[in-house]
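First up is the structure itself, then whatever we jot down about it.
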Amino acid sequence: MATRTAVEKVAAERVTHKRARPRRNELGVFGGLAHLALFVWALLVIVPLLWTFLSSFKNNTELFGDAWSLPAELRWENWGRAWDRAQVGRYLLNSVLVVAFGTMGTMLLGSMAAYVLARYRFPGNRAIYYLFVSGMAFPVFLALVPLFFVVKQFGLLNTHAGLVLVYIAYSLPFTVFFLTAFFRTLPTSVAEAAMMDGCSHTRTFFQVMLPMAKPGMISIGIFNILGQWNQYLLPLVLLPADREKWVITQGIADISTIAGYESDWPGLFAALSMAIIPVLLVYIIFQRQIQSGLTAGALK
Amino acid sequence: MASIVLSNVDKIYAGGVKAVNGLNLEIKDGEFMVLVGPSGCGKSTALRMIAGLEDISGGEIAIGEKVVNHLPPKDRDIAMVFQNYALYPHMTVAENLAFGLKLRKMPKPEIQKRVNQAAKMLGLEQYLKRKPAALSGGQRQRVAMGRAIVREPQAFLMDEPLSNLDAKLRVSMRASLNQMHERLGVTTVYVTHDQVEAMTLGDRVCVLRDGILQQVDTPQNLFDNPVNLFVAGFMGSPSMNFVTAELVQVDGGAAAAFAGFRLPVPASTFTEKPGLDQYLGRKVILGIRPSDFEDAAAANGHTGAGWARLPVRAEVTEELGSEINVLFLIDAPPVEHKDTVAAKDADEDGEPIPLAGDKSLWTARVNARSHVRPGQQTELVVDTHNLHFFDQGSGLAIGHPANVGR
């Protein structure tokens, strides 16, 4: 899906933003090459997005014609068809619900675990950390069959709650890995000042450290939103029966088959565009906050 | 307000490093106590143990009458100012100040009152709505102070609070700190590695080295009667001049002989320093403060009894405006005692000068009216009443009350 590239874009911009900063003023050979690479990358991201949006206004004939041509007219009926017949509206809502709870749960549990692992010394700290991190080595496919039976035995098959829990489990390893590193960079003396001011450990975390970790939280939050939004395999396995509960990825996949042999390609692109827009919005809203460091002013 | 008493306090880190070793210290109610020492001497660790940020490995710490060994920081009723300020970056100045009070469930009008009072006292009134990022270093420093003041705690703990400020601001903040202590009268424990800060701020100063207490006394007493070579070398700038000298009996009294000089030792010195007579005919380490020198030409009238003449060649002169530091060579090898080396390492401008070779480089602080220039032969006078004598082996000051019987 096109939104997958948006993930890479987030990552790419973060990386280049960091690297480019110290040498902003000297644009040598490497600077030129870097800009060229960024330009190519930008094209790779923008062109498929534009193509998807434009295609959602074409009809089948135009679609199979020249890829660079513009649609003859803005055919909003494609969007209407996707919304009505393919129930994209319902699927979008389901997706929003599942991803909202999934991400919130991941962020809450992940940040708490990461903070403790980063800041407190206790026996087994490293062991727990590596256990989390090793979770990143497990591909979704590997555990799919046992996972199905576990969820089924909990009675959570075909429920959004089951899907949310599985999402959280799969998102935690990277979240903990990322946030542990982030919490380590935050100054310890601010937490100590909070202790002196009378904060309990819990309050120190929620009222002092978490606000300071906002840039990291937003980065990993976006990463999780994108990852969970684009998840297809897990809902396919865990929400098989009830169409009403499907998420957007299942819905879109269904569009190509809903019309039988005569595939509704423009409708598919319209649905795709609808799935892309919320994610784009999330990124645009939070983009600025990612870049601004929040620890500014805490120390000297 | 309360006194703070440390009894036999130890801090042993994992790996067996003893950061603080059997520290006994009584900080009186309302006293301004400065902990000073070179980096790694355990002064910050001691402070953090009082604060409750570090566990105590052994001994007892009492604030007021209460033993606080196992109390968390918030229940010790103390406030701390950190070296790097440690402000809450996401809160405004007002919120930063009020945070500790809110946590203590203080009624809102009272919080407002205290915040306004502190802000007025520190000149922060027009910055109350700003976030720390929009403040200058000095302003942030004042917010950090304010956060401690509004709490009205039993004691203030300060961990090198001025070390991140530029030199000029540091001096003015030092004065404000003094004023603030005068006004609030709160027991204060202040950690610094800067001996000038220690001398100017402290009611009493506690010198630490390798986790062991060296001496606790008023700044003037520390300067006049250092207990050992380390304290003598560490306190005072420029630092004390040392040489290995022999105490010899001459007709009409005693003298310290070194490098071809003979400095008469007044009889009063022997009565002031009991036990010094036993060193007659033996070698001791002699210490002379740069400020006990004077230019013979400029010292009108000071050339009477108790002042000995010392003809030297000025190698370097540092003109400071109000006085001149004259650096000159003494034809004797530099004193290589573990204590003097340790004190020198701690001193920022204590780099050895290889040009001196096998001679020791001494400093004399003379009046600015002196016209001594580099390369000139000049005559200095020494106030022989203020000679310091140290045992060669132990490095302890001979005849110091604390050392008698050791």
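Letters A, B, ... mark the chains of the structure tokens in the order given; residue numbers begin at 1 per chain; ligand numbers begin at 1, in order shown.
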Worksheet item: Residues at most 12 Å from Ser163 (chain B), counting only C-alpha atoms, excluding those fewer than 2 positions away in the same chain, as JSON, numbers by chain?
Response: {"A": [300], "B": [81, 82, 83, 84, 85, 137, 138, 141, 158, 159, 160, 161, 165, 166, 167, 168, 169, 170, 171, 173, 174, 191, 192, 193, 194, 197]}
Take the residues that were just selected and, keeping N, CA and C atoms, output them as a tab-separated table (two decimals), in the first residue's frame.
```tsv
chain	number	residue	atom	x	y	z
A	300	LYS	N	20.94	23.80	32.15
A	300	LYS	CA	21.70	25.04	32.04
A	300	LYS	C	21.15	26.00	31.00
B	81	VAL	N	18.92	22.52	45.04
B	81	VAL	CA	19.18	23.25	43.80
B	81	VAL	C	20.26	22.48	43.06
B	82	PHE	N	19.96	22.12	41.81
B	82	PHE	CA	20.89	21.27	41.07
B	82	PHE	C	21.86	22.10	40.24
B	83	GLN	N	22.98	21.47	39.94
B	83	GLN	CA	24.01	22.13	39.14
B	83	GLN	C	23.46	22.57	37.78
B	84	ASN	N	22.69	21.67	37.15
B	84	ASN	CA	22.17	22.02	35.82
B	84	ASN	C	20.72	22.50	35.89
B	85	TYR	N	20.32	22.98	37.05
B	85	TYR	CA	19.00	23.60	37.30
B	85	TYR	C	17.86	22.61	37.35
B	137	GLY	N	20.52	31.86	31.16
B	137	GLY	CA	21.10	30.98	32.17
B	137	GLY	C	20.91	31.49	33.59
B	138	GLY	N	21.15	32.78	33.77
B	138	GLY	CA	21.02	33.35	35.11
B	138	GLY	C	19.58	33.31	35.60
B	141	GLN	N	18.68	29.86	36.60
B	141	GLN	CA	19.30	29.60	37.89
B	141	GLN	C	18.43	30.15	39.02
B	158	MET	N	22.54	22.58	48.00
B	158	MET	CA	22.90	23.15	46.71
B	158	MET	C	24.12	22.43	46.15
B	159	ASP	N	23.97	21.92	44.94
B	159	ASP	CA	25.04	21.15	44.32
B	159	ASP	C	25.67	21.99	43.21
B	160	GLU	N	26.72	22.68	43.51
B	160	GLU	CA	27.43	23.55	42.57
B	160	GLU	C	26.48	24.40	41.73
B	161	PRO	N	25.60	25.17	42.37
B	161	PRO	CA	24.56	25.85	41.61
B	161	PRO	C	25.09	26.96	40.71
B	165	LEU	N	27.33	29.31	35.35
B	165	LEU	CA	27.17	30.73	35.01
B	165	LEU	C	28.51	31.32	34.60
B	166	ASP	N	28.47	32.41	33.85
B	166	ASP	CA	29.75	33.02	33.50
B	166	ASP	C	30.30	33.79	34.70
B	167	ALA	N	31.59	34.12	34.62
B	167	ALA	CA	32.32	34.57	35.80
B	167	ALA	C	31.65	35.75	36.50
B	168	LYS	N	31.21	36.72	35.72
B	168	LYS	CA	30.67	37.94	36.32
B	168	LYS	C	29.37	37.66	37.05
B	169	LEU	N	28.51	36.88	36.36
B	169	LEU	CA	27.21	36.53	36.93
B	169	LEU	C	27.40	35.71	38.20
B	170	ARG	N	28.45	34.87	38.18
B	170	ARG	CA	28.71	34.01	39.33
B	170	ARG	C	29.00	34.87	40.56
B	171	VAL	N	29.78	35.91	40.36
B	171	VAL	CA	30.13	36.77	41.50
B	171	VAL	C	28.89	37.47	42.05
B	173	MET	N	25.76	36.48	41.69
B	173	MET	CA	24.86	35.49	42.28
B	173	MET	C	25.35	35.05	43.65
B	174	ARG	N	26.69	35.05	43.79
B	174	ARG	CA	27.28	34.68	45.07
B	174	ARG	C	26.82	35.68	46.14
B	191	VAL	N	27.64	22.59	47.98
B	191	VAL	CA	28.78	21.83	47.46
B	191	VAL	C	29.46	22.61	46.34
B	192	THR	N	30.78	22.69	46.39
B	192	THR	CA	31.48	23.36	45.31
B	192	THR	C	32.90	22.81	45.22
B	193	HIS	N	33.51	22.96	44.06
B	193	HIS	CA	34.93	22.59	43.96
B	193	HIS	C	35.78	23.85	43.95
B	194	ASP	N	35.08	25.00	43.97
B	194	ASP	CA	35.75	26.28	43.84
B	194	ASP	C	36.05	26.82	45.25
B	197	GLU	N	34.67	30.31	46.13
B	197	GLU	CA	33.25	30.26	46.47
B	197	GLU	C	33.08	29.75	47.90
```
Worksheet item: Taking the backbone alone, and naming residues the way the document does, which bits of region 42-174 of chain B are helix (DSSP H, G or I) by DSSP, as number ranges by chain?
Response: B: 43-51, 73-75, 93-103, 108-122, 125-127, 132-134, 137-150, 167-174
Item to complete: Kindly determine which residues of chain B lie within 9 Å of chain A, considering only C-alpha atoms, and give the answer as a PyMOL selection string.
Response: chain B and resi 51-53+72-90+99-101+103-104+131-138+140-141+147-148+151+164-165
Kindly save the residues from that selection, with C-alpha atoms included, as a PDB file, in the first residue's frame.
```pdb
ATOM      1  CA  ALA B  51      18.914  14.642  50.113  1.00  0.00           C
ATOM      2  CA  GLY B  52      17.932  10.996  49.994  1.00  0.00           C
ATOM      3  CA  LEU B  53      18.881  10.523  46.363  1.00  0.00           C
ATOM      4  CA  PRO B  72      12.378   9.119  50.809  1.00  0.00           C
ATOM      5  CA  PRO B  73      13.459  12.632  49.716  1.00  0.00           C
ATOM      6  CA  LYS B  74       9.944  14.041  49.824  1.00  0.00           C
ATOM      7  CA  ASP B  75       9.538  13.246  53.518  1.00  0.00           C
ATOM      8  CA  ARG B  76      12.803  14.894  54.581  1.00  0.00           C
ATOM      9  CA  ASP B  77      11.460  18.433  54.193  1.00  0.00           C
ATOM     10  CA  ILE B  78      14.478  19.726  52.316  1.00  0.00           C
ATOM     11  CA  ALA B  79      14.864  21.427  48.950  1.00  0.00           C
ATOM     12  CA  MET B  80      17.696  21.047  46.507  1.00  0.00           C
ATOM     13  CA  VAL B  81      19.180  23.247  43.802  1.00  0.00           C
ATOM     14  CA  PHE B  82      20.889  21.273  41.066  1.00  0.00           C
ATOM     15  CA  GLN B  83      24.011  22.133  39.139  1.00  0.00           C
ATOM     16  CA  ASN B  84      22.175  22.020  35.818  1.00  0.00           C
ATOM     17  CA  TYR B  85      19.003  23.597  37.303  1.00  0.00           C
ATOM     18  CA  ALA B  86      16.788  20.634  36.362  1.00  0.00           C
ATOM     19  CA  LEU B  87      13.714  22.741  35.640  1.00  0.00           C
ATOM     20  CA  TYR B  88      10.570  21.155  34.256  1.00  0.00           C
ATOM     21  CA  PRO B  89      10.772  22.182  30.598  1.00  0.00           C
ATOM     22  CA  HIS B  90       7.067  21.764  29.879  1.00  0.00           C
ATOM     23  CA  PHE B  99       4.751  22.311  41.513  1.00  0.00           C
ATOM     24  CA  GLY B 100       6.206  21.231  44.840  1.00  0.00           C
ATOM     25  CA  LEU B 101       3.539  23.123  46.752  1.00  0.00           C
ATOM     26  CA  LEU B 103       2.001  18.175  45.444  1.00  0.00           C
ATOM     27  CA  ARG B 104       1.838  19.014  49.134  1.00  0.00           C
ATOM     28  CA  LYS B 131       8.850  28.491  29.842  1.00  0.00           C
ATOM     29  CA  PRO B 132      12.437  27.751  30.899  1.00  0.00           C
ATOM     30  CA  ALA B 133      13.563  27.539  27.261  1.00  0.00           C
ATOM     31  CA  ALA B 134      12.841  31.269  26.902  1.00  0.00           C
ATOM     32  CA  LEU B 135      15.033  32.260  29.849  1.00  0.00           C
ATOM     33  CA  SER B 136      18.727  33.062  30.076  1.00  0.00           C
ATOM     34  CA  GLY B 137      21.103  30.980  32.171  1.00  0.00           C
ATOM     35  CA  GLY B 138      21.015  33.352  35.106  1.00  0.00           C
ATOM     36  CA  ARG B 140      16.940  29.725  34.960  1.00  0.00           C
ATOM     37  CA  GLN B 141      19.299  29.597  37.890  1.00  0.00           C
ATOM     38  CA  ARG B 147      11.685  26.438  43.490  1.00  0.00           C
ATOM     39  CA  ALA B 148      13.628  25.713  46.669  1.00  0.00           C
ATOM     40  CA  ARG B 151       8.935  25.276  49.778  1.00  0.00           C
ATOM     41  CA  ASN B 164      27.265  26.939  34.872  1.00  0.00           C
ATOM     42  CA  LEU B 165      27.167  30.727  35.012  1.00  0.00           C
TER      43      LEU B 165
END
```
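The space separating CA of Phe389 (chain B) from CA of Lys338 (chain B) comes to 16.2 Å.
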Discussion item. Just want the 10 Å neighbourhood of Gly162 (chain A), counted on only C-alpha atoms, with same-chain residues fewer than 4 positions away dropped. Output as a ChimeraX atom specification.
Written reply: /A:98,151-152,154-158,166-167,235,238-239
Discussion item. Residues of region 103-245 of chain B classed as strand (DSSP E) by DSSP on the backbone are to be reported as a PyMOL selection string.
Written reply: chain B and resi 155-159+187-192+204-209+212-217+241-245
Restricting the output to N, CA and C atoms, write the selected residues as a PDB file, in the first residue's frame.
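Resulting contents of out27.pdb:
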```pdb
ATOM      1  N   ALA B 155      15.917  22.776  55.271  1.00  0.00           N
ATOM      2  CA  ALA B 155      17.288  23.026  54.819  1.00  0.00           C
ATOM      3  C   ALA B 155      17.347  23.107  53.300  1.00  0.00           C
ATOM      4  N   PHE B 156      18.294  23.908  52.817  1.00  0.00           N
ATOM      5  CA  PHE B 156      18.587  23.963  51.384  1.00  0.00           C
ATOM      6  C   PHE B 156      19.816  23.112  51.106  1.00  0.00           C
ATOM      7  N   LEU B 157      19.759  22.349  50.043  1.00  0.00           N
ATOM      8  CA  LEU B 157      20.953  21.643  49.582  1.00  0.00           C
ATOM      9  C   LEU B 157      21.290  22.195  48.205  1.00  0.00           C
ATOM     10  N   MET B 158      22.535  22.584  48.001  1.00  0.00           N
ATOM     11  CA  MET B 158      22.902  23.152  46.707  1.00  0.00           C
ATOM     12  C   MET B 158      24.118  22.435  46.152  1.00  0.00           C
ATOM     13  N   ASP B 159      23.967  21.919  44.943  1.00  0.00           N
ATOM     14  CA  ASP B 159      25.037  21.154  44.318  1.00  0.00           C
ATOM     15  C   ASP B 159      25.673  21.994  43.210  1.00  0.00           C
ATOM     16  N   THR B 187      19.150  26.697  57.207  1.00  0.00           N
ATOM     17  CA  THR B 187      20.322  25.828  57.162  1.00  0.00           C
ATOM     18  C   THR B 187      20.629  25.482  55.701  1.00  0.00           C
ATOM     19  N   THR B 188      21.869  25.667  55.296  1.00  0.00           N
ATOM     20  CA  THR B 188      22.210  25.437  53.901  1.00  0.00           C
ATOM     21  C   THR B 188      23.462  24.581  53.796  1.00  0.00           C
ATOM     22  N   VAL B 189      23.395  23.567  52.956  1.00  0.00           N
ATOM     23  CA  VAL B 189      24.593  22.781  52.649  1.00  0.00           C
ATOM     24  C   VAL B 189      24.911  23.026  51.187  1.00  0.00           C
ATOM     25  N   TYR B 190      26.126  23.461  50.937  1.00  0.00           N
ATOM     26  CA  TYR B 190      26.480  23.945  49.612  1.00  0.00           C
ATOM     27  C   TYR B 190      27.727  23.192  49.142  1.00  0.00           C
ATOM     28  N   VAL B 191      27.642  22.588  47.978  1.00  0.00           N
ATOM     29  CA  VAL B 191      28.785  21.830  47.458  1.00  0.00           C
ATOM     30  C   VAL B 191      29.459  22.610  46.343  1.00  0.00           C
ATOM     31  N   THR B 192      30.776  22.691  46.388  1.00  0.00           N
ATOM     32  CA  THR B 192      31.484  23.357  45.311  1.00  0.00           C
ATOM     33  C   THR B 192      32.900  22.813  45.221  1.00  0.00           C
ATOM     34  N   ARG B 204      30.979  28.015  57.782  1.00  0.00           N
ATOM     35  CA  ARG B 204      32.063  27.078  57.986  1.00  0.00           C
ATOM     36  C   ARG B 204      32.273  26.304  56.694  1.00  0.00           C
ATOM     37  N   VAL B 205      33.487  25.831  56.518  1.00  0.00           N
ATOM     38  CA  VAL B 205      33.821  25.101  55.309  1.00  0.00           C
ATOM     39  C   VAL B 205      34.345  23.732  55.706  1.00  0.00           C
ATOM     40  N   CYS B 206      33.883  22.715  54.964  1.00  0.00           N
ATOM     41  CA  CYS B 206      34.310  21.354  55.246  1.00  0.00           C
ATOM     42  C   CYS B 206      35.120  20.873  54.046  1.00  0.00           C
ATOM     43  N   VAL B 207      36.402  20.563  54.276  1.00  0.00           N
ATOM     44  CA  VAL B 207      37.249  20.120  53.172  1.00  0.00           C
ATOM     45  C   VAL B 207      37.281  18.599  53.150  1.00  0.00           C
ATOM     46  N   LEU B 208      36.943  18.041  51.995  1.00  0.00           N
ATOM     47  CA  LEU B 208      36.911  16.589  51.840  1.00  0.00           C
ATOM     48  C   LEU B 208      37.966  16.160  50.838  1.00  0.00           C
ATOM     49  N   ARG B 209      38.476  14.958  51.056  1.00  0.00           N
ATOM     50  CA  ARG B 209      39.391  14.402  50.070  1.00  0.00           C
ATOM     51  C   ARG B 209      39.257  12.884  50.092  1.00  0.00           C
ATOM     52  N   ILE B 212      37.171  11.325  52.705  1.00  0.00           N
ATOM     53  CA  ILE B 212      37.530  11.490  54.116  1.00  0.00           C
ATOM     54  C   ILE B 212      37.557  12.968  54.464  1.00  0.00           C
ATOM     55  N   LEU B 213      36.939  13.289  55.592  1.00  0.00           N
ATOM     56  CA  LEU B 213      36.912  14.668  56.055  1.00  0.00           C
ATOM     57  C   LEU B 213      38.322  15.104  56.452  1.00  0.00           C
ATOM     58  N   GLN B 214      38.767  16.247  55.951  1.00  0.00           N
ATOM     59  CA  GLN B 214      40.094  16.737  56.294  1.00  0.00           C
ATOM     60  C   GLN B 214      40.031  17.746  57.432  1.00  0.00           C
ATOM     61  N   GLN B 215      39.142  18.712  57.273  1.00  0.00           N
ATOM     62  CA  GLN B 215      39.056  19.773  58.272  1.00  0.00           C
ATOM     63  C   GLN B 215      37.735  20.515  58.105  1.00  0.00           C
ATOM     64  N   VAL B 216      37.122  20.870  59.220  1.00  0.00           N
ATOM     65  CA  VAL B 216      35.924  21.717  59.198  1.00  0.00           C
ATOM     66  C   VAL B 216      36.222  22.930  60.053  1.00  0.00           C
ATOM     67  N   ASP B 217      36.078  24.095  59.480  1.00  0.00           N
ATOM     68  CA  ASP B 217      36.349  25.287  60.270  1.00  0.00           C
ATOM     69  C   ASP B 217      35.836  26.508  59.533  1.00  0.00           C
ATOM     70  N   ASN B 241      53.157  28.071  49.064  1.00  0.00           N
ATOM     71  CA  ASN B 241      54.464  27.619  48.594  1.00  0.00           C
ATOM     72  C   ASN B 241      55.038  26.626  49.592  1.00  0.00           C
ATOM     73  N   PHE B 242      55.597  25.539  49.062  1.00  0.00           N
ATOM     74  CA  PHE B 242      56.171  24.524  49.943  1.00  0.00           C
ATOM     75  C   PHE B 242      57.647  24.325  49.637  1.00  0.00           C
ATOM     76  N   VAL B 243      58.393  23.961  50.676  1.00  0.00           N
ATOM     77  CA  VAL B 243      59.792  23.568  50.479  1.00  0.00           C
ATOM     78  C   VAL B 243      60.197  22.668  51.645  1.00  0.00           C
ATOM     79  N   THR B 244      61.116  21.746  51.373  1.00  0.00           N
ATOM     80  CA  THR B 244      61.655  20.938  52.461  1.00  0.00           C
ATOM     81  C   THR B 244      62.770  21.748  53.120  1.00  0.00           C
ATOM     82  N   ALA B 245      62.627  21.994  54.408  1.00  0.00           N
ATOM     83  CA  ALA B 245      63.584  22.844  55.114  1.00  0.00           C
ATOM     84  C   ALA B 245      64.062  22.126  56.365  1.00  0.00           C
TER      85      ALA B 245
END
```
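Distance annotation: of A:Ala114, A:Ala37, A:Ile218, A:Leu236, the residue with the minimal separation from Phe205 (chain A) is A:Ala114; atom set is only C-alpha atoms.
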Worksheet entry | Selection near region 10-19 of chain B, 9 Å with only C-alpha atoms, sequence-local residues under 4 positions removed, as a ChimeraX atom specification | /B:23,40-43,45-46,49,54-60,210-212
